[in-house]
Every structure is written in structure tokens, then in C-alpha cells.
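*Asks:* Next up, entry05.txt (compact mmCIF, N, CA and C atoms).
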```
# COMPACT_ATOMS: atom_id res chain seq x y z
N MET N 23 -2.59 12.06 83.29
CA MET N 23 -1.88 13.29 83.01
C MET N 23 -1.24 13.25 81.62
N GLU N 24 -0.78 12.03 81.21
CA GLU N 24 -0.15 11.92 79.89
C GLU N 24 -1.12 12.31 78.79
N TYR N 25 -2.36 11.85 78.91
CA TYR N 25 -3.35 12.16 77.87
C TYR N 25 -3.65 13.65 77.82
N PHE N 26 -3.64 14.31 78.96
CA PHE N 26 -3.86 15.75 78.99
C PHE N 26 -2.74 16.47 78.25
N ILE N 27 -1.50 16.09 78.51
CA ILE N 27 -0.34 16.70 77.84
C ILE N 27 -0.43 16.48 76.33
N ILE N 28 -0.75 15.25 75.94
CA ILE N 28 -0.85 14.94 74.51
C ILE N 28 -1.95 15.76 73.86
N CYS N 29 -3.09 15.88 74.51
CA CYS N 29 -4.20 16.66 73.95
C CYS N 29 -3.82 18.13 73.79
N ILE N 30 -3.18 18.69 74.78
CA ILE N 30 -2.77 20.09 74.72
C ILE N 30 -1.77 20.31 73.59
N VAL N 31 -0.75 19.44 73.50
CA VAL N 31 0.25 19.57 72.44
C VAL N 31 -0.40 19.38 71.07
N ALA N 32 -1.29 18.41 70.94
CA ALA N 32 -1.98 18.19 69.67
C ALA N 32 -2.80 19.41 69.27
N PHE N 33 -3.49 20.01 70.22
CA PHE N 33 -4.29 21.19 69.94
C PHE N 33 -3.41 22.36 69.49
N ILE N 34 -2.33 22.60 70.21
CA ILE N 34 -1.43 23.71 69.87
C ILE N 34 -0.78 23.48 68.51
N ALA N 35 -0.28 22.26 68.28
CA ALA N 35 0.37 21.96 67.00
C ALA N 35 -0.63 22.07 65.85
N SER N 36 -1.84 21.59 66.05
CA SER N 36 -2.86 21.68 65.00
C SER N 36 -3.23 23.13 64.73
N SER N 37 -3.29 23.93 65.77
CA SER N 37 -3.60 25.35 65.59
C SER N 37 -2.51 26.05 64.79
N LEU N 38 -1.25 25.71 65.07
CA LEU N 38 -0.14 26.32 64.34
C LEU N 38 -0.17 25.93 62.87
N THR N 39 -0.50 24.68 62.58
CA THR N 39 -0.48 24.25 61.19
C THR N 39 -1.64 24.82 60.39
N LEU N 40 -2.66 25.30 61.04
CA LEU N 40 -3.76 25.94 60.31
C LEU N 40 -3.23 27.13 59.53
N PHE N 41 -2.29 27.84 60.09
CA PHE N 41 -1.75 29.04 59.45
C PHE N 41 -0.51 28.75 58.62
N SER N 42 0.34 27.86 59.11
CA SER N 42 1.62 27.63 58.44
C SER N 42 1.61 26.44 57.50
N GLY N 43 0.78 25.44 57.79
CA GLY N 43 0.78 24.23 56.98
C GLY N 43 1.93 23.30 57.30
N LEU N 44 2.69 23.62 58.31
CA LEU N 44 3.87 22.83 58.66
C LEU N 44 4.00 22.76 60.18
N GLY N 45 4.40 21.62 60.67
CA GLY N 45 4.73 21.54 62.08
C GLY N 45 4.02 20.46 62.87
N LEU N 46 2.88 20.00 62.39
CA LEU N 46 2.13 19.02 63.18
C LEU N 46 2.95 17.76 63.43
N GLY N 47 3.48 17.18 62.39
CA GLY N 47 4.28 15.96 62.55
C GLY N 47 5.58 16.21 63.29
N ILE N 48 6.18 17.36 63.04
CA ILE N 48 7.45 17.70 63.68
C ILE N 48 7.28 17.88 65.18
N ILE N 49 6.19 18.47 65.58
CA ILE N 49 5.95 18.72 67.00
C ILE N 49 5.32 17.51 67.68
N LEU N 50 4.33 16.93 67.04
CA LEU N 50 3.52 15.92 67.70
C LEU N 50 4.17 14.53 67.77
N THR N 51 4.86 14.13 66.72
CA THR N 51 5.45 12.78 66.71
C THR N 51 6.42 12.56 67.88
N PRO N 52 7.34 13.48 68.14
CA PRO N 52 8.23 13.27 69.29
C PRO N 52 7.49 13.22 70.63
N VAL N 53 6.44 14.03 70.76
CA VAL N 53 5.67 14.01 72.01
C VAL N 53 4.96 12.68 72.18
N PHE N 54 4.33 12.20 71.11
CA PHE N 54 3.71 10.88 71.16
C PHE N 54 4.75 9.81 71.48
N ALA N 55 5.94 9.93 70.89
CA ALA N 55 6.99 8.92 71.07
C ALA N 55 7.50 8.86 72.52
N VAL N 56 7.31 9.93 73.26
CA VAL N 56 7.69 9.91 74.68
C VAL N 56 6.76 8.97 75.46
N PHE N 57 5.50 8.94 75.07
CA PHE N 57 4.50 8.19 75.82
C PHE N 57 4.14 6.83 75.21
N PHE N 58 4.41 6.65 73.92
CA PHE N 58 4.02 5.43 73.22
C PHE N 58 5.20 4.90 72.41
N PRO N 59 5.15 3.62 72.02
CA PRO N 59 6.17 3.11 71.09
C PRO N 59 6.12 3.88 69.77
N VAL N 60 7.24 3.96 69.06
CA VAL N 60 7.34 4.78 67.85
C VAL N 60 6.28 4.41 66.80
N PRO N 61 6.03 3.12 66.51
CA PRO N 61 4.98 2.83 65.52
C PRO N 61 3.60 3.36 65.93
N VAL N 62 3.30 3.30 67.21
CA VAL N 62 2.02 3.85 67.70
C VAL N 62 2.04 5.37 67.59
N ALA N 63 3.18 5.98 67.90
CA ALA N 63 3.30 7.44 67.82
C ALA N 63 3.09 7.93 66.38
N VAL N 64 3.67 7.23 65.42
CA VAL N 64 3.50 7.62 64.02
C VAL N 64 2.05 7.45 63.59
N GLY N 65 1.44 6.34 63.96
CA GLY N 65 0.03 6.11 63.63
C GLY N 65 -0.88 7.13 64.27
N ALA N 66 -0.64 7.45 65.53
CA ALA N 66 -1.47 8.44 66.23
C ALA N 66 -1.32 9.82 65.59
N THR N 67 -0.10 10.15 65.17
CA THR N 67 0.12 11.42 64.49
C THR N 67 -0.64 11.46 63.17
N ALA N 68 -0.68 10.34 62.47
CA ALA N 68 -1.43 10.27 61.21
C ALA N 68 -2.92 10.51 61.45
N ILE N 69 -3.44 9.97 62.54
CA ILE N 69 -4.86 10.18 62.87
C ILE N 69 -5.14 11.65 63.16
N VAL N 70 -4.24 12.29 63.90
CA VAL N 70 -4.40 13.72 64.19
C VAL N 70 -4.30 14.53 62.89
N HIS N 71 -3.38 14.13 62.00
CA HIS N 71 -3.27 14.80 60.69
C HIS N 71 -4.59 14.71 59.94
N LEU N 72 -5.17 13.53 59.90
CA LEU N 72 -6.44 13.34 59.19
C LEU N 72 -7.53 14.23 59.78
N ALA N 73 -7.67 14.21 61.10
CA ALA N 73 -8.69 15.03 61.75
C ALA N 73 -8.44 16.52 61.49
N ASN N 74 -7.18 16.93 61.56
CA ASN N 74 -6.83 18.33 61.33
C ASN N 74 -7.14 18.74 59.89
N ASN N 75 -6.82 17.87 58.93
CA ASN N 75 -7.10 18.20 57.53
C ASN N 75 -8.59 18.25 57.25
N LEU N 76 -9.36 17.35 57.83
CA LEU N 76 -10.81 17.39 57.66
C LEU N 76 -11.38 18.68 58.25
N PHE N 77 -10.85 19.10 59.40
CA PHE N 77 -11.29 20.35 60.01
C PHE N 77 -10.95 21.53 59.11
N LYS N 78 -9.76 21.53 58.52
CA LYS N 78 -9.38 22.62 57.62
C LYS N 78 -10.29 22.68 56.40
N ILE N 79 -10.62 21.51 55.85
CA ILE N 79 -11.53 21.49 54.70
C ILE N 79 -12.88 22.09 55.09
N PHE N 80 -13.38 21.70 56.25
CA PHE N 80 -14.65 22.25 56.74
C PHE N 80 -14.56 23.75 56.97
N LEU N 81 -13.42 24.20 57.52
CA LEU N 81 -13.27 25.60 57.90
C LEU N 81 -13.04 26.52 56.70
N VAL N 82 -12.16 26.13 55.79
CA VAL N 82 -11.79 27.04 54.69
C VAL N 82 -12.02 26.43 53.31
N GLY N 83 -12.59 25.26 53.24
CA GLY N 83 -12.76 24.58 51.96
C GLY N 83 -13.61 25.32 50.96
N LYS N 84 -14.63 26.02 51.42
CA LYS N 84 -15.52 26.73 50.50
C LYS N 84 -14.82 27.87 49.78
N SER N 85 -13.82 28.44 50.43
CA SER N 85 -13.11 29.57 49.81
C SER N 85 -11.84 29.12 49.08
N ALA N 86 -11.60 27.83 49.00
CA ALA N 86 -10.41 27.32 48.31
C ALA N 86 -10.55 27.53 46.81
N ASN N 87 -9.45 27.84 46.18
CA ASN N 87 -9.41 28.03 44.74
C ASN N 87 -9.41 26.66 44.06
N LYS N 88 -10.49 26.35 43.36
CA LYS N 88 -10.65 25.02 42.75
C LYS N 88 -9.58 24.74 41.70
N LYS N 89 -9.15 25.78 40.98
CA LYS N 89 -8.11 25.61 39.96
C LYS N 89 -6.79 25.17 40.60
N ILE N 90 -6.47 25.76 41.74
CA ILE N 90 -5.23 25.39 42.44
C ILE N 90 -5.34 23.99 43.00
N ILE N 91 -6.51 23.63 43.51
CA ILE N 91 -6.71 22.27 44.02
C ILE N 91 -6.48 21.26 42.91
N MET N 92 -7.00 21.54 41.73
CA MET N 92 -6.83 20.62 40.61
C MET N 92 -5.36 20.57 40.17
N ALA N 93 -4.68 21.71 40.20
CA ALA N 93 -3.30 21.76 39.72
C ALA N 93 -2.32 21.13 40.70
N PHE N 94 -2.57 21.26 42.00
CA PHE N 94 -1.63 20.77 42.99
C PHE N 94 -2.15 19.59 43.79
N GLY N 95 -3.42 19.60 44.14
CA GLY N 95 -3.97 18.56 45.00
C GLY N 95 -4.01 17.20 44.36
N ILE N 96 -4.50 17.12 43.14
CA ILE N 96 -4.59 15.82 42.47
C ILE N 96 -3.21 15.24 42.21
N PRO N 97 -2.24 16.00 41.68
CA PRO N 97 -0.89 15.43 41.54
C PRO N 97 -0.28 15.01 42.89
N ALA N 98 -0.61 15.74 43.96
CA ALA N 98 -0.08 15.38 45.27
C ALA N 98 -0.62 14.03 45.74
N VAL N 99 -1.90 13.78 45.47
CA VAL N 99 -2.50 12.49 45.86
C VAL N 99 -1.86 11.37 45.05
N ILE N 100 -1.68 11.58 43.76
CA ILE N 100 -1.02 10.57 42.92
C ILE N 100 0.40 10.32 43.40
N ALA N 101 1.13 11.40 43.69
CA ALA N 101 2.51 11.26 44.17
C ALA N 101 2.57 10.54 45.51
N ALA N 102 1.56 10.73 46.34
CA ALA N 102 1.53 10.03 47.64
C ALA N 102 1.41 8.53 47.44
N PHE N 103 0.57 8.11 46.50
CA PHE N 103 0.44 6.68 46.22
C PHE N 103 1.71 6.10 45.60
N VAL N 104 2.33 6.86 44.70
CA VAL N 104 3.59 6.41 44.11
C VAL N 104 4.66 6.31 45.19
N GLY N 105 4.72 7.30 46.06
CA GLY N 105 5.69 7.26 47.15
C GLY N 105 5.45 6.11 48.11
N ALA N 106 4.19 5.81 48.38
CA ALA N 106 3.87 4.67 49.25
C ALA N 106 4.33 3.37 48.60
N TYR N 107 4.14 3.24 47.29
CA TYR N 107 4.60 2.03 46.59
C TYR N 107 6.12 1.89 46.69
N PHE N 108 6.83 2.99 46.38
CA PHE N 108 8.29 2.92 46.44
C PHE N 108 8.78 2.72 47.88
N GLY N 109 8.05 3.24 48.84
CA GLY N 109 8.40 2.99 50.23
C GLY N 109 8.28 1.53 50.59
N LYS N 110 7.26 0.90 50.08
CA LYS N 110 7.07 -0.54 50.31
C LYS N 110 8.22 -1.33 49.68
N VAL N 111 8.60 -0.97 48.48
CA VAL N 111 9.72 -1.63 47.80
C VAL N 111 11.01 -1.38 48.56
N LEU N 112 11.21 -0.15 49.01
CA LEU N 112 12.43 0.23 49.72
C LEU N 112 12.55 -0.54 51.04
N LEU N 113 11.44 -0.77 51.71
CA LEU N 113 11.47 -1.50 52.98
C LEU N 113 12.02 -2.91 52.83
N LYS N 114 11.92 -3.47 51.65
CA LYS N 114 12.46 -4.80 51.41
C LYS N 114 13.97 -4.78 51.24
N LYS N 115 14.54 -3.61 50.99
CA LYS N 115 15.97 -3.50 50.70
C LYS N 115 16.78 -2.90 51.85
N VAL N 116 16.12 -2.19 52.75
CA VAL N 116 16.83 -1.58 53.88
C VAL N 116 16.18 -2.03 55.18
N THR N 117 16.91 -1.88 56.26
CA THR N 117 16.37 -2.29 57.56
C THR N 117 15.54 -1.16 58.16
N LEU N 118 14.67 -1.54 59.04
CA LEU N 118 13.85 -0.55 59.74
C LEU N 118 14.73 0.42 60.52
N ARG N 119 15.78 -0.09 61.10
CA ARG N 119 16.69 0.77 61.88
C ARG N 119 17.31 1.86 61.01
N MET N 120 17.68 1.51 59.78
CA MET N 120 18.25 2.50 58.87
C MET N 120 17.25 3.62 58.59
N ILE N 121 16.00 3.25 58.41
CA ILE N 121 14.95 4.25 58.15
C ILE N 121 14.71 5.11 59.38
N GLN N 122 14.71 4.48 60.55
CA GLN N 122 14.51 5.24 61.79
C GLN N 122 15.62 6.28 61.97
N VAL N 123 16.84 5.88 61.72
CA VAL N 123 17.97 6.82 61.85
C VAL N 123 17.84 7.94 60.83
N LEU N 124 17.51 7.60 59.59
CA LEU N 124 17.36 8.61 58.55
C LEU N 124 16.25 9.61 58.89
N VAL N 125 15.11 9.12 59.32
CA VAL N 125 14.00 10.01 59.68
C VAL N 125 14.38 10.87 60.88
N GLY N 126 15.06 10.28 61.86
CA GLY N 126 15.51 11.04 63.02
C GLY N 126 16.45 12.17 62.64
N VAL N 127 17.39 11.87 61.78
CA VAL N 127 18.34 12.89 61.32
C VAL N 127 17.60 13.99 60.55
N MET N 128 16.68 13.58 59.68
CA MET N 128 15.92 14.58 58.92
C MET N 128 15.10 15.48 59.84
N LEU N 129 14.48 14.91 60.87
CA LEU N 129 13.70 15.72 61.81
C LEU N 129 14.58 16.71 62.56
N VAL N 130 15.75 16.26 62.98
CA VAL N 130 16.67 17.16 63.70
C VAL N 130 17.14 18.28 62.78
N VAL N 131 17.56 17.93 61.56
CA VAL N 131 18.03 18.94 60.61
C VAL N 131 16.92 19.93 60.29
N LEU N 132 15.72 19.44 60.05
CA LEU N 132 14.60 20.33 59.76
C LEU N 132 14.29 21.23 60.95
N GLY N 133 14.31 20.66 62.15
CA GLY N 133 14.06 21.46 63.35
C GLY N 133 15.09 22.56 63.53
N VAL N 134 16.35 22.23 63.31
CA VAL N 134 17.42 23.24 63.43
C VAL N 134 17.26 24.30 62.35
N ALA N 135 16.96 23.87 61.12
CA ALA N 135 16.80 24.82 60.02
C ALA N 135 15.62 25.76 60.27
N LEU N 136 14.52 25.21 60.78
CA LEU N 136 13.36 26.05 61.11
C LEU N 136 13.69 27.02 62.24
N SER N 137 14.38 26.54 63.27
CA SER N 137 14.73 27.40 64.39
C SER N 137 15.68 28.51 63.99
N ALA N 138 16.56 28.22 63.04
CA ALA N 138 17.54 29.21 62.59
C ALA N 138 16.97 30.15 61.55
N GLY N 139 15.74 29.90 61.14
CA GLY N 139 15.11 30.77 60.13
C GLY N 139 15.60 30.51 58.72
N LEU N 140 16.20 29.36 58.49
CA LEU N 140 16.69 29.03 57.15
C LEU N 140 15.59 28.56 56.21
N ILE N 141 14.49 28.15 56.81
CA ILE N 141 13.36 27.69 56.00
C ILE N 141 12.15 28.55 56.32
```
Is it possible to give me this structure as C-alpha cells?

*Replies:*
Amino acid sequence: MEYFIICIVAFIASSLTLFSGLGLGIILTPVFAVFFPVPVAVGATAIVHLANNLFKIFLVGKSANKKIIMAFGIPAVIAAFVGAYFGKVLLKKVTLRMIQVLVGVMLVVLGVALSAGLI
């Protein structure tokens, strides 16, 4: 039954992000965390993100504006690698618990802001 619930939530969250571009991690990570340890939940969410993004490329990639992809997509990929490097450095200076609390607070604040229509 757990897998059925996870599949349904993943499908709904992925469908919502097709239009909004936001929400998959916010919705899916907590659901995964109910059934799996947090590191597994984060990894599983990343896999769903990858599959969802590949599906979006297949679905709407041909009509994407190549100029916008070059202007925003390439810098975003570079920034992701830079962020991953700094994240690795940061992990040596702070505890995992501190990061878990920070991410939890950010998710709650973002959820409240989205629910209140502030974002």
C-alpha cells in the first residue's frame, strides 16, 4: 500500500510541476520521508526529479526557445556545480543536524508562504 501512495503522490506532484515548475520536492520529499529514512527520501525525490525533467524535455523540448535555454540553462548548470562544491565545503564546517534543521525550516516557511499566496 505504501508504494501505491508514493506512486500516486509522485504522479500528482509531477503533474503539478509540469505547469508551475515548482512543488515536486516540496510535496514529494515529506511523503517519501514518512516511508523511508531521510537520505533515501531525498535520493528518491532526486530520481523522480530526473525522470520528470526528462519527460518535460521530451514533451515540450522541441518548442523551447533555444536563446532562453542558452541564457538561463547553461548558467544554471554551472551554478549547480558551483553550489555542489560549496555544499561539500560547507558540510565540513557544519553538522548534518544543523543542515537538516535549516532545510526543515525553509520547507515550512516556503510552504506557508505558498499557501498564503505570498509567492

*Asks:* Just want the 8 Å neighbourhood of N:Ile28, counted on all atoms listed in the file, with same-chain residues fewer than 5 positions away dropped. Output as a PyMOL selection string.

*Replies:* chain N and resi 23+33-34+53-54

*Asks:* Deliver the residues from the most recent selection as a file, using N, CA and C atoms, as a CSV table (one decimal), in the frame of the given file.

*Replies:*
```
chain,number,residue,atom,x,y,z
N,23,MET,N,-2.6,12.1,83.3
N,23,MET,CA,-1.9,13.3,83.0
N,23,MET,C,-1.2,13.2,81.6
N,33,PHE,N,-3.5,20.0,70.2
N,33,PHE,CA,-4.3,21.2,69.9
N,33,PHE,C,-3.4,22.4,69.5
N,34,ILE,N,-2.3,22.6,70.2
N,34,ILE,CA,-1.4,23.7,69.9
N,34,ILE,C,-0.8,23.5,68.5
N,53,VAL,N,6.4,14.0,70.8
N,53,VAL,CA,5.7,14.0,72.0
N,53,VAL,C,5.0,12.7,72.2
N,54,PHE,N,4.3,12.2,71.1
N,54,PHE,CA,3.7,10.9,71.2
N,54,PHE,C,4.8,9.8,71.5
```

*Asks:* Have a look at atom N of N:Leu124 and atom N of N:Gly45 and let me know their distance in Å, one decimal.

*Replies:*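 Separation of atom N of N:Leu124 and atom N of N:Gly45: 19.2 Å.
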
*Asks:* Using the file's own x, y and z axes, so that the box edges lie along x, y and z, what centre and edge lengths in Å (one decimal) does a box around every listed atom of stretch 53-63 of chain N get when 6 Å is added on each side? Give it as JSON.

*Replies:*
```
{"center_x": 4.9, "center_y": 8.4, "center_z": 70.7, "size_x": 17.7, "size_y": 23.2, "size_z": 22.3}
```

*Asks:* Using only N, CA and C atoms, find the one residue out of N:Ala32, N:Val62, N:Leu112, N:Ile96 that sits nearest to N:Leu50.

*Replies:*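 Among the listed residues, the smallest separation from N:Leu50 belongs to N:Ala32.
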
*Asks:* So the first atom is atom C of N:Val60 and the second is atom C of N:Lys78; what is the distance between them in Å, to one decimal place?

*Replies:*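 According to the coordinates, atom C of N:Val60 and atom C of N:Lys78 are separated by 26.8 Å.
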
*Asks:* Any idea what the distance is between atom C of N:Leu140 and atom CA of N:Ala35?

*Replies:*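 Atom C of N:Leu140 sits 19.8 Å away from atom CA of N:Ala35.
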
*Asks:* Have a look at N:Val111, N:Ile48, N:Leu40, N:Tyr25 and name the one nearest to N:Leu129; count all atoms listed in the file.

*Replies:*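 Residue with the minimum atom-to-atom distance to N:Leu129: N:Ile48.
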
*Asks:* According to DSSP computed on the backbone, where in chain N is there alpha helix (DSSP H)? Give the residues as number ranges by chain.

*Replies:* N: 24-42, 46-57, 60-82, 88-90, 96-113, 118-137

*Asks:* Would you mind telling me which residue in N:Leu44, N:Val116, N:Cys29, N:Ala55 lies nearest to N:Ile141 when using only C-alpha atoms?

*Replies:*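 Under the stated criterion, the closest residue is N:Leu44.
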
*Asks:* Of the candidates N:Ile91, N:Leu72, N:Ile49, N:Ile27, which one gets nearest to N:Leu132 if we count only C-alpha atoms?

*Replies:*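 Using only C-alpha atoms, N:Leu132 sits closest to N:Ile49.
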
*Asks:* Counting only N, CA and C atoms, which of N:Phe57, N:Gly47, N:Ala102, N:Val130 gets nearest to N:Glu24?

*Replies:*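 The closest residue to N:Glu24 is N:Phe57.
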